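Let me begin by presenting the structure, written as structure tokens, before commenting on it.
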Amino acid sequence: MVTRKGILFIISGPSGVGKGTIKDAVLEKINDMQVSISATTREPRSGEINGRDYFFVNEHRFQQLIDNDELLEYANVYNNMYGTPRQFVEENLNRGQDVMLEIDIQGALQVKLRKPEGVFIFIAPPSIEELSLRLAARGKDTQKSIELRLAACKWEMEQVEHYDYVVLNHELKDAVDKVCSIITAERCKVKNFNLERDMIDSSFNQGTNGSGR
Ligand code: 5GP
């Protein structure tokens with residue numbers, strides 16, 4: 001049987017661009033994807049569940065995770081710490097399972113150093129004006145925090161050169177279709193199959209169990 005290597009997909013982009021919404025919609029359409037649950041020091045929002053949405057930890061525990069090298073990446077995102085537990089990612093990739101991360105840009109750049117073979121997808125806002133409207137509409141941020149996020153957006157947009165794909169989130173359905181297409185195409189890439197190894201294995205098996213030529 002021909003098997004495939006696990007692929008690490010990183011969905012990332014400026015704050016408020018709609019990464020989370022895109023990720024959720026993509027997961028409804030795509031099978032066999034393991035989603036990493038991040039650790040964070042931020043307080044749970046109403047309706048969020050520990051272990052489902054995030055692992056909510058205090059700063060002391062987060063520092064332990066850093067010190068023990070238990071995080072694949074971590075970043076301070078608007079005064080809260082966020083990080084990707086490393087073991088979950090490694091174990092699933094080693095089992096040939098695909099893994100998806102939805103993280104900020106600082107974190108994605110760290111993953112790029114550790115896992116350059118990952119597939120880096122940059123979700124971009126159609127324009128700064130549109131992003132500003134979206135940040136205001138989602139009602140999670142104060143005016144000051146919106147200004148901070150828009151100021152960071154310039155640097156964030158410049159980081160697109162480190163990514164493999166850019167998807168404009170102009171219209172949700174279109175953006176979701178594009179991310180699904182990227183995943184499908186990556187899953188078909190020859191380099192992601194264990195062709196040589198599996199063919200050697202199967203010819204070896206045929207030779208040893210008497211069913212070969
Ligand atoms: P929120 O607090 O609104 O759920 O997320 C805030 C930001 O943190 C989002 O941009 C989200 O992508 C990012 N984020 C969530 N988990 C992680 C993580 O594990 N690492 C990094 N670097 N960013 C994360």
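Ordered as shown in the structure tokens, chains take letters A, B, and onward, while each chain numbers its residues from 1 and ligands are numbered from 1 in the order shown.
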Within 9 Å of ligand 1 (only C-alpha atoms and all ligand atoms), residues as number ranges by chain: A: 11-20, 36-40, 42-45, 53-54, 71-78, 80-85, 101-110, 140
For A:Met100, please output as an MDAnalysis selection string all residues within 7 Å (counting only C-alpha atoms; exclusion window: fewer than 4 positions along the same chain). chainID A and resid 8:10 33:36
Take the residues from that selection and put them in a file with all heavy atoms, as a compact mmCIF listing (two decimals), in the first residue's frame.
# COMPACT_ATOMS: atom_id res chain seq x y z
N LEU A 8 2.20 19.54 7.44
CA LEU A 8 1.86 20.58 8.41
C LEU A 8 1.36 21.81 7.65
O LEU A 8 2.09 22.37 6.82
CB LEU A 8 3.12 20.93 9.22
CG LEU A 8 2.97 22.00 10.29
CD1 LEU A 8 1.93 21.60 11.34
CD2 LEU A 8 4.32 22.27 10.97
N PHE A 9 0.11 22.18 7.89
CA PHE A 9 -0.48 23.37 7.25
C PHE A 9 -0.54 24.50 8.28
O PHE A 9 -1.06 24.29 9.39
CB PHE A 9 -1.90 23.08 6.76
CG PHE A 9 -1.94 22.10 5.61
CD1 PHE A 9 -2.15 20.75 5.83
CD2 PHE A 9 -1.74 22.54 4.30
CE1 PHE A 9 -2.18 19.84 4.78
CE2 PHE A 9 -1.77 21.64 3.24
CZ PHE A 9 -1.99 20.29 3.48
N ILE A 10 -0.04 25.66 7.92
CA ILE A 10 -0.05 26.80 8.82
C ILE A 10 -0.91 27.89 8.20
O ILE A 10 -0.60 28.42 7.13
CB ILE A 10 1.38 27.34 9.07
CG1 ILE A 10 2.24 26.26 9.71
CG2 ILE A 10 1.35 28.58 9.98
CD1 ILE A 10 3.07 25.48 8.76
N MET A 33 -7.84 15.79 9.16
CA MET A 33 -6.96 16.89 9.54
C MET A 33 -6.96 16.99 11.07
O MET A 33 -8.02 17.09 11.69
CB MET A 33 -7.47 18.19 8.93
CG MET A 33 -6.61 19.39 9.16
SD MET A 33 -5.01 19.30 8.33
CE MET A 33 -5.47 19.72 6.66
N GLN A 34 -5.79 16.92 11.66
CA GLN A 34 -5.67 17.09 13.10
C GLN A 34 -5.42 18.57 13.37
O GLN A 34 -4.56 19.17 12.73
CB GLN A 34 -4.48 16.29 13.64
CG GLN A 34 -4.56 14.81 13.36
CD GLN A 34 -5.73 14.15 14.04
OE1 GLN A 34 -6.01 14.42 15.20
NE2 GLN A 34 -6.44 13.30 13.31
N VAL A 35 -6.17 19.13 14.30
CA VAL A 35 -6.03 20.56 14.57
C VAL A 35 -5.33 20.76 15.90
O VAL A 35 -5.75 20.21 16.92
CB VAL A 35 -7.41 21.25 14.60
CG1 VAL A 35 -7.24 22.75 14.77
CG2 VAL A 35 -8.16 20.95 13.32
N SER A 36 -4.26 21.51 15.86
CA SER A 36 -3.51 21.76 17.09
C SER A 36 -4.30 22.71 17.99
O SER A 36 -4.88 23.69 17.52
CB SER A 36 -2.17 22.37 16.72
OG SER A 36 -1.57 22.96 17.84
Need to verify the contact set: A:Gly6, 8 Å, only C-alpha atoms, exclusion of same-chain residues closer than 5 positions in sequence. Can you return it as a PyMOL selection string? chain A and resi 92-99+192
Expected file: the selected residues, all heavy atoms, as an mmCIF file, in the first residue's frame:
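Below is the file out.cif, written as the result:
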data_model
loop_
_atom_site.group_PDB
_atom_site.id
_atom_site.type_symbol
_atom_site.label_atom_id
_atom_site.label_comp_id
_atom_site.auth_asym_id
_atom_site.auth_seq_id
_atom_site.Cartn_x
_atom_site.Cartn_y
_atom_site.Cartn_z
ATOM 1 N N ASN A 92 1.596 13.454 15.436
ATOM 2 C CA ASN A 92 0.674 13.267 14.312
ATOM 3 C C ASN A 92 1.406 13.240 12.982
ATOM 4 O O ASN A 92 1.115 12.413 12.120
ATOM 5 C CB ASN A 92 -0.414 14.340 14.333
ATOM 6 C CG ASN A 92 -1.521 13.957 15.290
ATOM 7 O OD1 ASN A 92 -2.247 12.999 15.052
ATOM 8 N ND2 ASN A 92 -1.611 14.662 16.411
ATOM 9 N N LEU A 93 2.371 14.119 12.803
ATOM 10 C CA LEU A 93 3.128 14.114 11.545
ATOM 11 C C LEU A 93 3.857 12.775 11.383
ATOM 12 O O LEU A 93 3.867 12.188 10.295
ATOM 13 C CB LEU A 93 4.126 15.272 11.503
ATOM 14 C CG LEU A 93 3.526 16.681 11.418
ATOM 15 C CD1 LEU A 93 4.633 17.733 11.472
ATOM 16 C CD2 LEU A 93 2.699 16.862 10.140
ATOM 17 N N ASN A 94 4.420 12.276 12.470
ATOM 18 C CA ASN A 94 5.146 11.000 12.395
ATOM 19 C C ASN A 94 4.229 9.831 12.054
ATOM 20 O O ASN A 94 4.663 8.843 11.478
ATOM 21 C CB ASN A 94 5.872 10.707 13.721
ATOM 22 C CG ASN A 94 7.052 11.638 13.918
ATOM 23 O OD1 ASN A 94 7.536 12.233 12.950
ATOM 24 N ND2 ASN A 94 7.499 11.802 15.155
ATOM 25 N N ARG A 95 2.941 9.974 12.425
ATOM 26 C CA ARG A 95 1.970 8.906 12.095
ATOM 27 C C ARG A 95 1.406 9.074 10.690
ATOM 28 O O ARG A 95 0.493 8.379 10.289
ATOM 29 C CB ARG A 95 0.779 8.958 13.075
ATOM 30 C CG ARG A 95 1.098 8.513 14.482
ATOM 31 C CD ARG A 95 -0.163 8.271 15.298
ATOM 32 N NE ARG A 95 -0.984 9.464 15.448
ATOM 33 C CZ ARG A 95 -2.281 9.502 15.192
ATOM 34 N NH1 ARG A 95 -2.913 8.448 14.742
ATOM 35 N NH2 ARG A 95 -2.964 10.624 15.370
ATOM 36 N N GLY A 96 1.889 10.096 9.962
ATOM 37 C CA GLY A 96 1.377 10.321 8.606
ATOM 38 C C GLY A 96 0.091 11.126 8.594
ATOM 39 O O GLY A 96 -0.610 11.185 7.579
ATOM 40 N N GLN A 97 -0.247 11.759 9.726
ATOM 41 C CA GLN A 97 -1.474 12.570 9.808
ATOM 42 C C GLN A 97 -1.149 14.025 9.499
ATOM 43 O O GLN A 97 -0.126 14.544 9.954
ATOM 44 C CB GLN A 97 -2.021 12.515 11.240
ATOM 45 C CG GLN A 97 -2.627 11.182 11.633
ATOM 46 C CD GLN A 97 -3.981 10.975 10.995
ATOM 47 O OE1 GLN A 97 -4.798 11.886 10.951
ATOM 48 N NE2 GLN A 97 -4.212 9.790 10.462
ATOM 49 N N ASP A 98 -2.048 14.686 8.780
ATOM 50 C CA ASP A 98 -1.873 16.119 8.524
ATOM 51 C C ASP A 98 -2.286 16.907 9.762
ATOM 52 O O ASP A 98 -3.212 16.518 10.481
ATOM 53 C CB ASP A 98 -2.748 16.561 7.350
ATOM 54 C CG ASP A 98 -2.320 15.890 6.055
ATOM 55 O OD1 ASP A 98 -1.180 15.386 6.009
ATOM 56 O OD2 ASP A 98 -3.119 15.873 5.108
ATOM 57 N N VAL A 99 -1.594 18.014 9.973
ATOM 58 C CA VAL A 99 -1.875 18.857 11.140
ATOM 59 C C VAL A 99 -2.068 20.296 10.674
ATOM 60 O O VAL A 99 -1.346 20.778 9.797
ATOM 61 C CB VAL A 99 -0.703 18.814 12.156
ATOM 62 C CG1 VAL A 99 -0.984 19.713 13.359
ATOM 63 C CG2 VAL A 99 -0.433 17.390 12.624
ATOM 64 N N ASN A 192 5.176 14.180 -1.280
ATOM 65 C CA ASN A 192 4.530 13.870 -0.010
ATOM 66 C C ASN A 192 4.111 12.405 0.124
ATOM 67 O O ASN A 192 3.516 12.010 1.118
ATOM 68 C CB ASN A 192 3.320 14.793 0.210
ATOM 69 C CG ASN A 192 3.774 16.202 0.549
ATOM 70 O OD1 ASN A 192 4.797 16.375 1.211
ATOM 71 N ND2 ASN A 192 3.055 17.205 0.090
#
Need the shell around A:Ile182: protein/DNA/RNA residues with any atom at most 12 Å away, counting only C-alpha atoms. Skip same-chain ones fewer than 4 positions apart. Format as a VMD selection string? chain A and resid 7 9 to 11 26 30 119 to 122 164 to 167 175 to 178 186 to 189
d(atom CA of A:Leu135, atom CA of A:Trp155) in Å: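 Atom CA of A:Trp155 lies at a distance of 17.5 Å from atom CA of A:Leu135.
Those residues in stretch 30-96 of chain A carrying a DSSP assignment of strand (DSSP E or B), computed from the backbone, are Met33, Gln34, Val35, Ala39, Thr40, Asn50, Tyr54, Phe55, Phe56, Leu71, Leu72, Glu73, Tyr74, Ala75, Asn76, Val77, Asn80, Met81, Tyr82, Gly83, Thr84 and Pro85 of chain A.
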Could those residues be written to a file, using N, CA and C atoms, as a PDB file, in the first residue's frame?
ATOM      1  N   MET A  33      -7.839  15.788   9.158  1.00  0.00           N
ATOM      2  CA  MET A  33      -6.961  16.889   9.543  1.00  0.00           C
ATOM      3  C   MET A  33      -6.958  16.990  11.067  1.00  0.00           C
ATOM      4  N   GLN A  34      -5.793  16.915  11.655  1.00  0.00           N
ATOM      5  CA  GLN A  34      -5.668  17.092  13.098  1.00  0.00           C
ATOM      6  C   GLN A  34      -5.424  18.570  13.375  1.00  0.00           C
ATOM      7  N   VAL A  35      -6.170  19.130  14.295  1.00  0.00           N
ATOM      8  CA  VAL A  35      -6.029  20.562  14.566  1.00  0.00           C
ATOM      9  C   VAL A  35      -5.326  20.758  15.899  1.00  0.00           C
ATOM     10  N   ALA A  39      -1.830  26.617  23.622  1.00  0.00           N
ATOM     11  CA  ALA A  39      -1.856  27.044  25.025  1.00  0.00           C
ATOM     12  C   ALA A  39      -1.893  28.572  25.024  1.00  0.00           C
ATOM     13  N   THR A  40      -2.618  29.145  25.948  1.00  0.00           N
ATOM     14  CA  THR A  40      -2.639  30.608  26.045  1.00  0.00           C
ATOM     15  C   THR A  40      -2.787  31.058  27.490  1.00  0.00           C
ATOM     16  N   ASN A  50     -11.879  24.827  28.021  1.00  0.00           N
ATOM     17  CA  ASN A  50     -10.475  24.433  28.168  1.00  0.00           C
ATOM     18  C   ASN A  50     -10.257  23.066  27.517  1.00  0.00           C
ATOM     19  N   TYR A  54      -8.775  26.198  23.622  1.00  0.00           N
ATOM     20  CA  TYR A  54      -7.384  26.461  24.010  1.00  0.00           C
ATOM     21  C   TYR A  54      -7.094  25.641  25.253  1.00  0.00           C
ATOM     22  N   PHE A  55      -5.815  25.518  25.590  1.00  0.00           N
ATOM     23  CA  PHE A  55      -5.427  25.115  26.942  1.00  0.00           C
ATOM     24  C   PHE A  55      -5.151  26.417  27.678  1.00  0.00           C
ATOM     25  N   PHE A  56      -6.025  26.767  28.592  1.00  0.00           N
ATOM     26  CA  PHE A  56      -5.870  28.026  29.317  1.00  0.00           C
ATOM     27  C   PHE A  56      -4.937  27.785  30.509  1.00  0.00           C
ATOM     28  N   LEU A  71       7.023  23.787  23.409  1.00  0.00           N
ATOM     29  CA  LEU A  71       6.269  24.548  22.404  1.00  0.00           C
ATOM     30  C   LEU A  71       7.042  24.611  21.087  1.00  0.00           C
ATOM     31  N   LEU A  72       6.342  24.345  20.012  1.00  0.00           N
ATOM     32  CA  LEU A  72       6.955  24.443  18.678  1.00  0.00           C
ATOM     33  C   LEU A  72       7.246  25.901  18.359  1.00  0.00           C
ATOM     34  N   GLU A  73       6.364  26.783  18.814  1.00  0.00           N
ATOM     35  CA  GLU A  73       6.542  28.231  18.670  1.00  0.00           C
ATOM     36  C   GLU A  73       5.704  28.898  19.747  1.00  0.00           C
ATOM     37  N   TYR A  74       6.026  30.143  20.033  1.00  0.00           N
ATOM     38  CA  TYR A  74       5.170  30.907  20.942  1.00  0.00           C
ATOM     39  C   TYR A  74       5.355  32.385  20.647  1.00  0.00           C
ATOM     40  N   ALA A  75       4.358  33.164  21.036  1.00  0.00           N
ATOM     41  CA  ALA A  75       4.432  34.598  20.774  1.00  0.00           C
ATOM     42  C   ALA A  75       3.540  35.345  21.744  1.00  0.00           C
ATOM     43  N   ASN A  76       3.918  36.600  21.942  1.00  0.00           N
ATOM     44  CA  ASN A  76       3.075  37.503  22.718  1.00  0.00           C
ATOM     45  C   ASN A  76       2.182  38.226  21.707  1.00  0.00           C
ATOM     46  N   VAL A  77       0.895  37.903  21.747  1.00  0.00           N
ATOM     47  CA  VAL A  77      -0.033  38.522  20.794  1.00  0.00           C
ATOM     48  C   VAL A  77      -0.946  39.456  21.584  1.00  0.00           C
ATOM     49  N   ASN A  80      -1.064  38.839  25.444  1.00  0.00           N
ATOM     50  CA  ASN A  80      -1.271  37.484  25.945  1.00  0.00           C
ATOM     51  C   ASN A  80      -0.304  36.548  25.232  1.00  0.00           C
ATOM     52  N   MET A  81       0.108  35.496  25.959  1.00  0.00           N
ATOM     53  CA  MET A  81       1.024  34.527  25.357  1.00  0.00           C
ATOM     54  C   MET A  81       0.213  33.406  24.696  1.00  0.00           C
ATOM     55  N   TYR A  82       0.691  32.983  23.541  1.00  0.00           N
ATOM     56  CA  TYR A  82       0.059  31.877  22.810  1.00  0.00           C
ATOM     57  C   TYR A  82       1.171  30.947  22.330  1.00  0.00           C
ATOM     58  N   GLY A  83       0.944  29.647  22.366  1.00  0.00           N
ATOM     59  CA  GLY A  83       1.972  28.732  21.880  1.00  0.00           C
ATOM     60  C   GLY A  83       1.386  27.421  21.400  1.00  0.00           C
ATOM     61  N   THR A  84       2.130  26.781  20.497  1.00  0.00           N
ATOM     62  CA  THR A  84       1.691  25.509  19.907  1.00  0.00           C
ATOM     63  C   THR A  84       2.394  24.345  20.591  1.00  0.00           C
ATOM     64  N   PRO A  85       1.653  23.454  21.276  1.00  0.00           N
ATOM     65  CA  PRO A  85       2.299  22.287  21.898  1.00  0.00           C
ATOM     66  C   PRO A  85       3.005  21.424  20.835  1.00  0.00           C
TER      67      PRO A  85
END
Straight-line distance linking atom CA of A:Thr21 with atom CA of A:Arg114, stated in Å to one decimal: 26.4 Å
